[in-house]
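Novice: Provided herewith is a single structure, encoded as structure tokens, for subsequent inquiry.
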Amino acid sequence: MRNEFTAAQMADPQLGPAAKAVRSCVHCGICTATCPTYVTLGDERDGPRGRIVLMQKMLEAGGEPTPETVRHIDRCLSCLNCKTACPSSVNYQRLVDHSRAYIQDHYRRPLGDRLLRWSIAKVMTRPALVRLGLFFARLGAPVVRILPGKLGAMARMGLAAHPQGPAPFDFPKPDVVRQRIAIMPGCVQQALAPQIDSAVGRVLARRGIELVVLEGSGCCGALPHHMGREDESRAFAKRAIIAFEAGKYDGVLITATGCSAQLKDIAHQFAGDAEWEPRAKKFAAAAKDFLDLATPLPAKARADLRLAYHPACSLQNSLKMNGFGEAVLQAAGYTLVPFGEMHLCCGSAGTYSILQPELSQSLRARKLGNIEAARPHVIVSGNIGCLTHLSGATPTVHLAEMLDWAEGGPKPANLEIPGSSR
Ligand code: SF4
Ligand code: SF4
């Protein structure tokens, strides 16, 4: 695409990859039909091709972006369907990530929006504060249920959660330890669903993998990163890198696909930083998703259960692990039911369900309509955001909990199916 980026801009370690993405777009529009916001709104500016033009103009011109530009970039889910669909290998991710950081630094949002973004970055990245939020959300449940707008969307996340037991700090040790993996406790998931990491520990122990909590680490930095708050995101990344370097492990795991996608891509946040870039590269090379480690094993799953497996966008488009979840569930003996539009984002997308509640709910309704038409007993995914967002009439359960159950572990607590007495 014609552009006016200067040689100095192209050489900038952060802006350069974004400008390169603009240059490599040939404006063909093949990506447009795969974009959930374009499919929903039908506006070129809410599709990848239109957004690329808006971001190009914003970055070339410099200065404060227009509210219109910010509105259309904010509506992007960062699902990266467009990146997967693009035949010209346009790295839309680098462009949108840099643009979000640019907006954060150059645009003054309305006070309410600034406060909300600040509280997401400060509260949701700290499990103790998330637990406090859950407590108050439950206390005020009748009000929370009818609370409008973005605040209501954030508070209702607390009502959708069913945490079971404390966050695990000790994991079962296999008889023969083949790998010793550090597990990051993360942030939101630890408060909303600590039972997921307990199940992960049991599943991996059966495969000879010992988990050890990565003391000193916390959030992976994805939540602030999605809002362009790069300094805060990098601070979380540095904590994790320092903690990992202090021990001796065969890898580092975080058990939400959105977070493992963030960790595997962490080096680009430090591009051009002579000290941290090489350290971040080593850390990223050691990062694992649960499905990197949970090899398929035959088990005794209830084959009469109909599972709708929802692969998160982060799994499909960032980690490029299409088919891994299906393979491991089917090997365990589960029956998967196909449903329509599996590639479309459910609308959770990190902080999106809070910051863009109307669009997010519209995508949720579309996803649930597709899933429920297949009449499943349970919706399974590997990402806490999707599980919380899709919770409703059909139970939602993490992939690790389903595998654990099939392999002899406890039945997932929120799996309430008539006749499922096993
Ligand atoms: S990342 Fe997703 S929402 Fe954003 S432009 Fe690409 S396809 Fe559309
Ligand atoms: S498919 Fe690729 S080259 Fe074509 S418009 Fe989309 S981003 Fe640009």
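How things are named: the first chain in the structure tokens is A, the next is B, and so on; residues count from 1 in each chain; ligands count from 1 in the order shown.
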For range 266-278 of chain A, work out the shell of residues within 7 Å, counting only C-alpha atoms and skipping chain neighbours fewer than 3 positions away, then give it as a list in words.

Specialist: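 Residues meeting the cut-off are Pro13, Gln14, Arg234, Gln262, Leu263, Lys281, Lys282 and Ala284 of chain A.
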
Novice: Leaving out Ile371 in chain A and any residue of its chain fewer than 4 positions from it, which residues lie within 9 Å of it when counting only C-alpha atoms, given as number ranges by chain?

Specialist: A: 308, 310, 337-340, 342, 366-367, 375-376, 379

Novice: Export C-alpha atoms of the chosen residues as a PDB file, in the first residue's frame?

Specialist:
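And here is the file that came out, again_31.pdb:
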ATOM      1  CA  ALA A 308     -19.067 -28.379  21.964  1.00  0.00           C
ATOM      2  CA  HIS A 310     -14.758 -23.832  21.374  1.00  0.00           C
ATOM      3  CA  VAL A 337     -20.384 -31.999  18.157  1.00  0.00           C
ATOM      4  CA  PRO A 338     -19.551 -29.620  15.299  1.00  0.00           C
ATOM      5  CA  PHE A 339     -21.213 -26.213  15.169  1.00  0.00           C
ATOM      6  CA  GLY A 340     -21.294 -23.270  12.753  1.00  0.00           C
ATOM      7  CA  MET A 342     -16.266 -21.873  14.788  1.00  0.00           C
ATOM      8  CA  ARG A 366     -24.262 -15.317  17.814  1.00  0.00           C
ATOM      9  CA  LYS A 367     -21.726 -17.826  19.182  1.00  0.00           C
ATOM     10  CA  ARG A 375     -27.500 -29.336  21.370  1.00  0.00           C
ATOM     11  CA  PRO A 376     -24.365 -30.000  23.446  1.00  0.00           C
ATOM     12  CA  ILE A 379     -19.185 -26.118  26.229  1.00  0.00           C
TER      13      ILE A 379
END

Novice: When you look at range 58-67 of chain A with a cut-off of 8 Å (counting only C-alpha atoms), what residues show up, excluding the ones that are within fewer than 5 positions of it in the same chain? I need them as a PDB file with C-alpha atoms, in the first residue's frame.

Specialist:
ATOM      1  CA  GLU A   4       4.664   8.011   3.624  1.00  0.00           C
ATOM      2  CA  PHE A   5       6.603   6.378   6.424  1.00  0.00           C
ATOM      3  CA  SER A  99      -1.595   1.626  17.426  1.00  0.00           C
ATOM      4  CA  ILE A 103      -3.486   5.935  21.315  1.00  0.00           C
ATOM      5  CA  HIS A 106      -1.438  10.482  22.453  1.00  0.00           C
ATOM      6  CA  TYR A 107      -5.185  10.528  23.088  1.00  0.00           C
TER       7      TYR A 107
END

Novice: Counting only C-alpha atoms and all ligand atoms, name the residues that have an atom within 6 Å of an atom of ligand 1; the answer should be given as a ChimeraX atom specification.

Specialist: /A:34-37,47-48,76-82

Novice: Atoms to include: N, CA and C atoms. Write the selected residues as a PDB file, in the first residue's frame.

Specialist:
ATOM      1  N   THR A  34     -13.825 -12.412   7.161  1.00  0.00           N
ATOM      2  CA  THR A  34     -13.496 -13.203   8.359  1.00  0.00           C
ATOM      3  C   THR A  34     -13.542 -12.359   9.629  1.00  0.00           C
ATOM      4  N   CYS A  35     -13.774 -11.066   9.488  1.00  0.00           N
ATOM      5  CA  CYS A  35     -13.684 -10.150  10.637  1.00  0.00           C
ATOM      6  C   CYS A  35     -15.032 -10.080  11.373  1.00  0.00           C
ATOM      7  N   PRO A  36     -15.062 -10.464  12.639  1.00  0.00           N
ATOM      8  CA  PRO A  36     -16.335 -10.487  13.368  1.00  0.00           C
ATOM      9  C   PRO A  36     -17.007  -9.114  13.460  1.00  0.00           C
ATOM     10  N   THR A  37     -16.208  -8.048  13.592  1.00  0.00           N
ATOM     11  CA  THR A  37     -16.853  -6.739  13.736  1.00  0.00           C
ATOM     12  C   THR A  37     -17.381  -6.246  12.391  1.00  0.00           C
ATOM     13  N   GLY A  47     -13.643  -3.141   9.709  1.00  0.00           N
ATOM     14  CA  GLY A  47     -13.010  -4.339   9.170  1.00  0.00           C
ATOM     15  C   GLY A  47     -11.514  -4.098   9.108  1.00  0.00           C
ATOM     16  N   PRO A  48     -10.714  -5.147   8.885  1.00  0.00           N
ATOM     17  CA  PRO A  48      -9.255  -4.985   8.900  1.00  0.00           C
ATOM     18  C   PRO A  48      -8.723  -4.017   7.854  1.00  0.00           C
ATOM     19  N   CYS A  76     -11.861  -3.165  17.470  1.00  0.00           N
ATOM     20  CA  CYS A  76     -11.148  -4.369  17.005  1.00  0.00           C
ATOM     21  C   CYS A  76     -10.948  -5.315  18.191  1.00  0.00           C
ATOM     22  N   LEU A  77     -11.237  -6.590  17.979  1.00  0.00           N
ATOM     23  CA  LEU A  77     -11.118  -7.590  19.050  1.00  0.00           C
ATOM     24  C   LEU A  77      -9.691  -8.102  19.240  1.00  0.00           C
ATOM     25  N   SER A  78      -8.808  -7.809  18.293  1.00  0.00           N
ATOM     26  CA  SER A  78      -7.482  -8.451  18.245  1.00  0.00           C
ATOM     27  C   SER A  78      -7.621  -9.972  18.179  1.00  0.00           C
ATOM     28  N   CYS A  79      -8.665 -10.437  17.502  1.00  0.00           N
ATOM     29  CA  CYS A  79      -8.862 -11.894  17.365  1.00  0.00           C
ATOM     30  C   CYS A  79      -7.876 -12.480  16.354  1.00  0.00           C
ATOM     31  N   LEU A  80      -7.383 -11.627  15.435  1.00  0.00           N
ATOM     32  CA  LEU A  80      -6.393 -11.987  14.415  1.00  0.00           C
ATOM     33  C   LEU A  80      -6.893 -12.974  13.366  1.00  0.00           C
ATOM     34  N   ASN A  81      -8.221 -13.055  13.195  1.00  0.00           N
ATOM     35  CA  ASN A  81      -8.743 -13.816  12.051  1.00  0.00           C
ATOM     36  C   ASN A  81      -8.189 -13.251  10.752  1.00  0.00           C
ATOM     37  N   CYS A  82      -8.041 -11.917  10.712  1.00  0.00           N
ATOM     38  CA  CYS A  82      -7.575 -11.265   9.482  1.00  0.00           C
ATOM     39  C   CYS A  82      -6.132 -11.666   9.169  1.00  0.00           C
TER      40      CYS A  82
END

Novice: Rounded to one decimal, what separation in Å do you get between CA of Arg180 in chain A and CA of Phe283 in chain A?

Specialist: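 Going from CA of Arg180 in chain A over to CA of Phe283 in chain A, I get 15.2 Å.
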
Novice: Report as a ChimeraX atom specification all protein, DNA and RNA residues lying within 12 Å of Leu368 in chain A, evaluated on only C-alpha atoms, omitting residues in the same chain fewer than 2 positions from it.

Specialist: /A:308,310,339-342,344-347,361-366,370-376,378-379,386-387,389-396

Novice: Create the file for the chosen residues now, containing C-alpha atoms and written as a PDB file, in the first residue's frame.

Specialist:
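Result file is result_34.pdb:
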ATOM      1  CA  ALA A 308     -19.067 -28.379  21.964  1.00  0.00           C
ATOM      2  CA  HIS A 310     -14.758 -23.832  21.374  1.00  0.00           C
ATOM      3  CA  PHE A 339     -21.213 -26.213  15.169  1.00  0.00           C
ATOM      4  CA  GLY A 340     -21.294 -23.270  12.753  1.00  0.00           C
ATOM      5  CA  GLU A 341     -18.901 -20.309  12.533  1.00  0.00           C
ATOM      6  CA  MET A 342     -16.266 -21.873  14.788  1.00  0.00           C
ATOM      7  CA  LEU A 344     -15.717 -16.297  14.781  1.00  0.00           C
ATOM      8  CA  CYS A 345     -14.688 -14.744  18.103  1.00  0.00           C
ATOM      9  CA  CYS A 346     -17.170 -15.173  20.982  1.00  0.00           C
ATOM     10  CA  GLY A 347     -16.712 -11.531  21.983  1.00  0.00           C
ATOM     11  CA  GLN A 361     -22.874  -9.356  23.774  1.00  0.00           C
ATOM     12  CA  SER A 362     -23.940  -9.455  20.148  1.00  0.00           C
ATOM     13  CA  LEU A 363     -21.020 -11.782  19.312  1.00  0.00           C
ATOM     14  CA  ARG A 364     -21.790 -13.885  22.403  1.00  0.00           C
ATOM     15  CA  ALA A 365     -25.408 -14.330  21.300  1.00  0.00           C
ATOM     16  CA  ARG A 366     -24.262 -15.317  17.814  1.00  0.00           C
ATOM     17  CA  ASN A 370     -24.447 -21.570  16.781  1.00  0.00           C
ATOM     18  CA  ILE A 371     -23.336 -23.762  19.675  1.00  0.00           C
ATOM     19  CA  GLU A 372     -26.792 -24.421  21.102  1.00  0.00           C
ATOM     20  CA  ALA A 373     -28.137 -25.423  17.691  1.00  0.00           C
ATOM     21  CA  ALA A 374     -25.805 -28.448  18.019  1.00  0.00           C
ATOM     22  CA  ARG A 375     -27.500 -29.336  21.370  1.00  0.00           C
ATOM     23  CA  PRO A 376     -24.365 -30.000  23.446  1.00  0.00           C
ATOM     24  CA  VAL A 378     -21.299 -28.845  27.835  1.00  0.00           C
ATOM     25  CA  ILE A 379     -19.185 -26.118  26.229  1.00  0.00           C
ATOM     26  CA  CYS A 386     -14.305 -17.496  26.810  1.00  0.00           C
ATOM     27  CA  LEU A 387     -15.590 -19.807  29.567  1.00  0.00           C
ATOM     28  CA  HIS A 389     -18.231 -15.003  28.787  1.00  0.00           C
ATOM     29  CA  LEU A 390     -20.163 -17.982  27.399  1.00  0.00           C
ATOM     30  CA  SER A 391     -21.482 -19.207  30.739  1.00  0.00           C
ATOM     31  CA  GLY A 392     -25.261 -19.470  30.801  1.00  0.00           C
ATOM     32  CA  ALA A 393     -27.790 -22.226  30.266  1.00  0.00           C
ATOM     33  CA  THR A 394     -25.180 -24.735  29.043  1.00  0.00           C
ATOM     34  CA  PRO A 395     -22.328 -25.396  31.511  1.00  0.00           C
ATOM     35  CA  THR A 396     -18.860 -24.202  30.501  1.00  0.00           C
TER      36      THR A 396
END

Novice: Sorted by chain and rising residue number, which residues of chain A lie within 10 Å of ligand 2, and what are their closest atom pairs and distances in Å to one decimal, counting only C-alpha atoms and all ligand atoms, as a Markdown table?

Specialist:
| residue | atom | partner | partner_atom_place_in_ligand_line | distance |
| --- | --- | --- | --- | --- |
| A:Met1 | CA | ligand 2 | 8 (Fe) | 8.5 |
| A:Ala21 | CA | ligand 2 | 7 (S) | 8.2 |
| A:Val22 | CA | ligand 2 | 8 (Fe) | 8.0 |
| A:Arg23 | CA | ligand 2 | 8 (Fe) | 9.2 |
| A:Ser24 | CA | ligand 2 | 3 (S) | 6.6 |
| A:Cys25 | CA | ligand 2 | 8 (Fe) | 3.8 |
| A:Val26 | CA | ligand 2 | 3 (S) | 4.3 |
| A:His27 | CA | ligand 2 | 5 (S) | 3.8 |
| A:Cys28 | CA | ligand 2 | 4 (Fe) | 3.9 |
| A:Gly29 | CA | ligand 2 | 5 (S) | 3.9 |
| A:Ile30 | CA | ligand 2 | 1 (S) | 4.3 |
| A:Cys31 | CA | ligand 2 | 1 (S) | 4.2 |
| A:Thr32 | CA | ligand 2 | 6 (Fe) | 6.5 |
| A:Ala33 | CA | ligand 2 | 6 (Fe) | 9.6 |
| A:Thr34 | CA | ligand 2 | 1 (S) | 9.6 |
| A:Cys35 | CA | ligand 2 | 6 (Fe) | 9.8 |
| A:Gly47 | CA | ligand 2 | 6 (Fe) | 8.8 |
| A:Pro48 | CA | ligand 2 | 6 (Fe) | 6.1 |
| A:Arg49 | CA | ligand 2 | 5 (S) | 4.7 |
| A:Gly50 | CA | ligand 2 | 5 (S) | 8.4 |
| A:Arg51 | CA | ligand 2 | 7 (S) | 9.5 |
| A:Ile52 | CA | ligand 2 | 7 (S) | 7.5 |
| A:Val53 | CA | ligand 2 | 8 (Fe) | 9.6 |
| A:Cys82 | CA | ligand 2 | 6 (Fe) | 6.3 |
| A:Lys83 | CA | ligand 2 | 7 (S) | 6.8 |
| A:Thr84 | CA | ligand 2 | 1 (S) | 8.8 |
| A:Ala85 | CA | ligand 2 | 1 (S) | 6.2 |
| A:Cys86 | CA | ligand 2 | 1 (S) | 3.8 |
| A:Pro87 | CA | ligand 2 | 1 (S) | 5.9 |
| A:Ser88 | CA | ligand 2 | 3 (S) | 5.1 |
| A:Ser89 | CA | ligand 2 | 2 (Fe) | 6.5 |
| A:Val90 | CA | ligand 2 | 2 (Fe) | 5.3 |
| A:Asn91 | CA | ligand 2 | 7 (S) | 7.9 |
| A:Tyr92 | CA | ligand 2 | 7 (S) | 6.8 |

Novice: The selected residues should be written to file as a PDB file, in the first residue's frame (atoms: C-alpha atoms).

Specialist:
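Wrote again_3.pdb, looks like this:
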ATOM      1  CA  MET A   1       0.000   0.000   0.000  1.00  0.00           C
ATOM      2  CA  ALA A  21       2.438  -4.306   7.962  1.00  0.00           C
ATOM      3  CA  VAL A  22       0.886  -1.237   6.301  1.00  0.00           C
ATOM      4  CA  ARG A  23       3.317  -1.492   3.370  1.00  0.00           C
ATOM      5  CA  SER A  24       2.599  -5.164   2.752  1.00  0.00           C
ATOM      6  CA  CYS A  25      -1.196  -4.771   2.629  1.00  0.00           C
ATOM      7  CA  VAL A  26      -2.362  -4.812  -1.002  1.00  0.00           C
ATOM      8  CA  HIS A  27      -5.901  -3.786  -0.058  1.00  0.00           C
ATOM      9  CA  CYS A  28      -7.434  -6.943  -1.560  1.00  0.00           C
ATOM     10  CA  GLY A  29     -10.118  -7.265   1.127  1.00  0.00           C
ATOM     11  CA  ILE A  30      -9.867 -11.063   1.420  1.00  0.00           C
ATOM     12  CA  CYS A  31      -9.673 -10.673   5.205  1.00  0.00           C
ATOM     13  CA  THR A  32     -12.884  -8.660   5.437  1.00  0.00           C
ATOM     14  CA  ALA A  33     -15.359 -11.532   5.488  1.00  0.00           C
ATOM     15  CA  THR A  34     -13.496 -13.203   8.359  1.00  0.00           C
ATOM     16  CA  CYS A  35     -13.684 -10.150  10.637  1.00  0.00           C
ATOM     17  CA  GLY A  47     -13.010  -4.339   9.170  1.00  0.00           C
ATOM     18  CA  PRO A  48      -9.255  -4.985   8.900  1.00  0.00           C
ATOM     19  CA  ARG A  49      -8.720  -3.218   5.580  1.00  0.00           C
ATOM     20  CA  GLY A  50     -10.439  -0.049   6.765  1.00  0.00           C
ATOM     21  CA  ARG A  51      -8.662  -0.152  10.115  1.00  0.00           C
ATOM     22  CA  ILE A  52      -5.289  -0.524   8.397  1.00  0.00           C
ATOM     23  CA  VAL A  53      -5.982   2.700   6.485  1.00  0.00           C
ATOM     24  CA  CYS A  82      -7.575 -11.265   9.482  1.00  0.00           C
ATOM     25  CA  LYS A  83      -3.926 -12.181  10.006  1.00  0.00           C
ATOM     26  CA  THR A  84      -4.699 -15.859   9.446  1.00  0.00           C
ATOM     27  CA  ALA A  85      -6.765 -15.122   6.326  1.00  0.00           C
ATOM     28  CA  CYS A  86      -4.295 -12.713   4.701  1.00  0.00           C
ATOM     29  CA  PRO A  87      -2.497 -14.153   1.635  1.00  0.00           C
ATOM     30  CA  SER A  88       0.090 -11.334   1.773  1.00  0.00           C
ATOM     31  CA  SER A  89       1.226 -12.180   5.323  1.00  0.00           C
ATOM     32  CA  VAL A  90       0.319  -8.758   6.679  1.00  0.00           C
ATOM     33  CA  ASN A  91       1.227  -8.766  10.366  1.00  0.00           C
ATOM     34  CA  TYR A  92      -1.898  -6.980  11.563  1.00  0.00           C
TER      35      TYR A  92
END

Novice: Have a look at A:Gln189, A:Ser119, A:Tyr309, A:Val380 and name the one nearest to Leu415 in chain A; count only C-alpha atoms.

Specialist: A:Val380

Novice: Please list as a PDB file with C-alpha atoms, in the first residue's frame every residue within 12 Å of range 208-215 of chain A, counting only C-alpha atoms and excluding residues in the same chain fewer than 2 positions away.

Specialist:
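Everything below was put into result.pdb:
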ATOM      1  CA  ALA A 167      -5.447 -21.671  44.296  1.00  0.00           C
ATOM      2  CA  PRO A 168      -3.126 -24.701  44.301  1.00  0.00           C
ATOM      3  CA  PHE A 169       0.445 -24.239  45.508  1.00  0.00           C
ATOM      4  CA  ASP A 170       1.429 -27.915  45.635  1.00  0.00           C
ATOM      5  CA  PHE A 171       0.997 -30.146  42.639  1.00  0.00           C
ATOM      6  CA  PRO A 172       1.150 -33.962  42.519  1.00  0.00           C
ATOM      7  CA  LYS A 173       4.612 -35.318  41.806  1.00  0.00           C
ATOM      8  CA  PRO A 174       4.808 -38.045  39.145  1.00  0.00           C
ATOM      9  CA  ASP A 175       6.585 -41.317  40.029  1.00  0.00           C
ATOM     10  CA  VAL A 176       9.006 -40.648  37.205  1.00  0.00           C
ATOM     11  CA  VAL A 177       9.588 -36.938  36.521  1.00  0.00           C
ATOM     12  CA  ARG A 178      10.210 -36.399  32.808  1.00  0.00           C
ATOM     13  CA  GLN A 179       9.862 -32.603  32.874  1.00  0.00           C
ATOM     14  CA  ARG A 180       9.799 -29.959  35.576  1.00  0.00           C
ATOM     15  CA  ILE A 181       7.687 -27.027  34.454  1.00  0.00           C
ATOM     16  CA  ALA A 182       7.172 -23.694  36.216  1.00  0.00           C
ATOM     17  CA  ILE A 183       3.521 -22.651  36.327  1.00  0.00           C
ATOM     18  CA  MET A 184       2.573 -18.986  36.480  1.00  0.00           C
ATOM     19  CA  PRO A 185      -0.362 -18.420  38.829  1.00  0.00           C
ATOM     20  CA  GLY A 186      -1.717 -15.656  36.558  1.00  0.00           C
ATOM     21  CA  ASP A 197      -4.847 -25.294  37.694  1.00  0.00           C
ATOM     22  CA  SER A 198      -5.571 -28.161  40.124  1.00  0.00           C
ATOM     23  CA  ALA A 199      -6.900 -30.224  37.200  1.00  0.00           C
ATOM     24  CA  VAL A 200      -3.944 -29.194  35.029  1.00  0.00           C
ATOM     25  CA  GLY A 201      -1.538 -30.438  37.735  1.00  0.00           C
ATOM     26  CA  ARG A 202      -3.200 -33.866  37.860  1.00  0.00           C
ATOM     27  CA  VAL A 203      -3.426 -34.236  34.062  1.00  0.00           C
ATOM     28  CA  LEU A 204       0.232 -33.344  33.573  1.00  0.00           C
ATOM     29  CA  ALA A 205       1.427 -35.519  36.472  1.00  0.00           C
ATOM     30  CA  ARG A 206      -0.063 -38.516  34.628  1.00  0.00           C
ATOM     31  CA  SER A 217       5.460 -13.949  38.905  1.00  0.00           C
ATOM     32  CA  GLY A 218       1.831 -12.909  38.537  1.00  0.00           C
ATOM     33  CA  CYS A 219      -0.180 -11.616  35.598  1.00  0.00           C
ATOM     34  CA  CYS A 220       1.381 -12.297  32.197  1.00  0.00           C
ATOM     35  CA  ARG A 239       8.724  -9.975  36.863  1.00  0.00           C
ATOM     36  CA  ALA A 240       7.989 -13.278  35.132  1.00  0.00           C
ATOM     37  CA  ILE A 241      11.335 -13.332  33.321  1.00  0.00           C
ATOM     38  CA  ILE A 242      13.292 -12.609  36.517  1.00  0.00           C
ATOM     39  CA  ALA A 243      11.375 -15.326  38.407  1.00  0.00           C
ATOM     40  CA  PHE A 244      11.998 -17.845  35.628  1.00  0.00           C
ATOM     41  CA  GLU A 245      15.716 -17.064  35.416  1.00  0.00           C
ATOM     42  CA  ALA A 246      16.055 -17.636  39.175  1.00  0.00           C
ATOM     43  CA  GLY A 247      15.199 -21.356  38.869  1.00  0.00           C
ATOM     44  CA  LYS A 248      15.944 -24.338  36.681  1.00  0.00           C
ATOM     45  CA  TYR A 249      12.937 -25.496  34.688  1.00  0.00           C
ATOM     46  CA  ASP A 250      12.158 -27.287  31.443  1.00  0.00           C
ATOM     47  CA  GLY A 251       9.601 -24.679  30.518  1.00  0.00           C
ATOM     48  CA  VAL A 252       7.054 -22.185  31.800  1.00  0.00           C
ATOM     49  CA  LEU A 253       3.300 -22.717  31.625  1.00  0.00           C
ATOM     50  CA  ILE A 254       0.249 -20.543  32.020  1.00  0.00           C
ATOM     51  CA  THR A 255      -3.098 -22.238  31.665  1.00  0.00           C
ATOM     52  CA  PHE A 290      -1.361 -26.582  28.246  1.00  0.00           C
ATOM     53  CA  ASP A 292       1.860 -28.357  24.234  1.00  0.00           C
ATOM     54  CA  LEU A 293       2.160 -30.641  27.251  1.00  0.00           C
ATOM     55  CA  ALA A 294      -1.154 -32.538  27.449  1.00  0.00           C
ATOM     56  CA  THR A 295      -0.438 -35.264  24.918  1.00  0.00           C
TER      57      THR A 295
END

Novice: Between A:Gly350, A:Pro194, A:Gly369, A:Pro296, which residue has the minimum interatomic distance to Tyr334 in chain A, considering only C-alpha atoms?

Specialist: A:Pro296
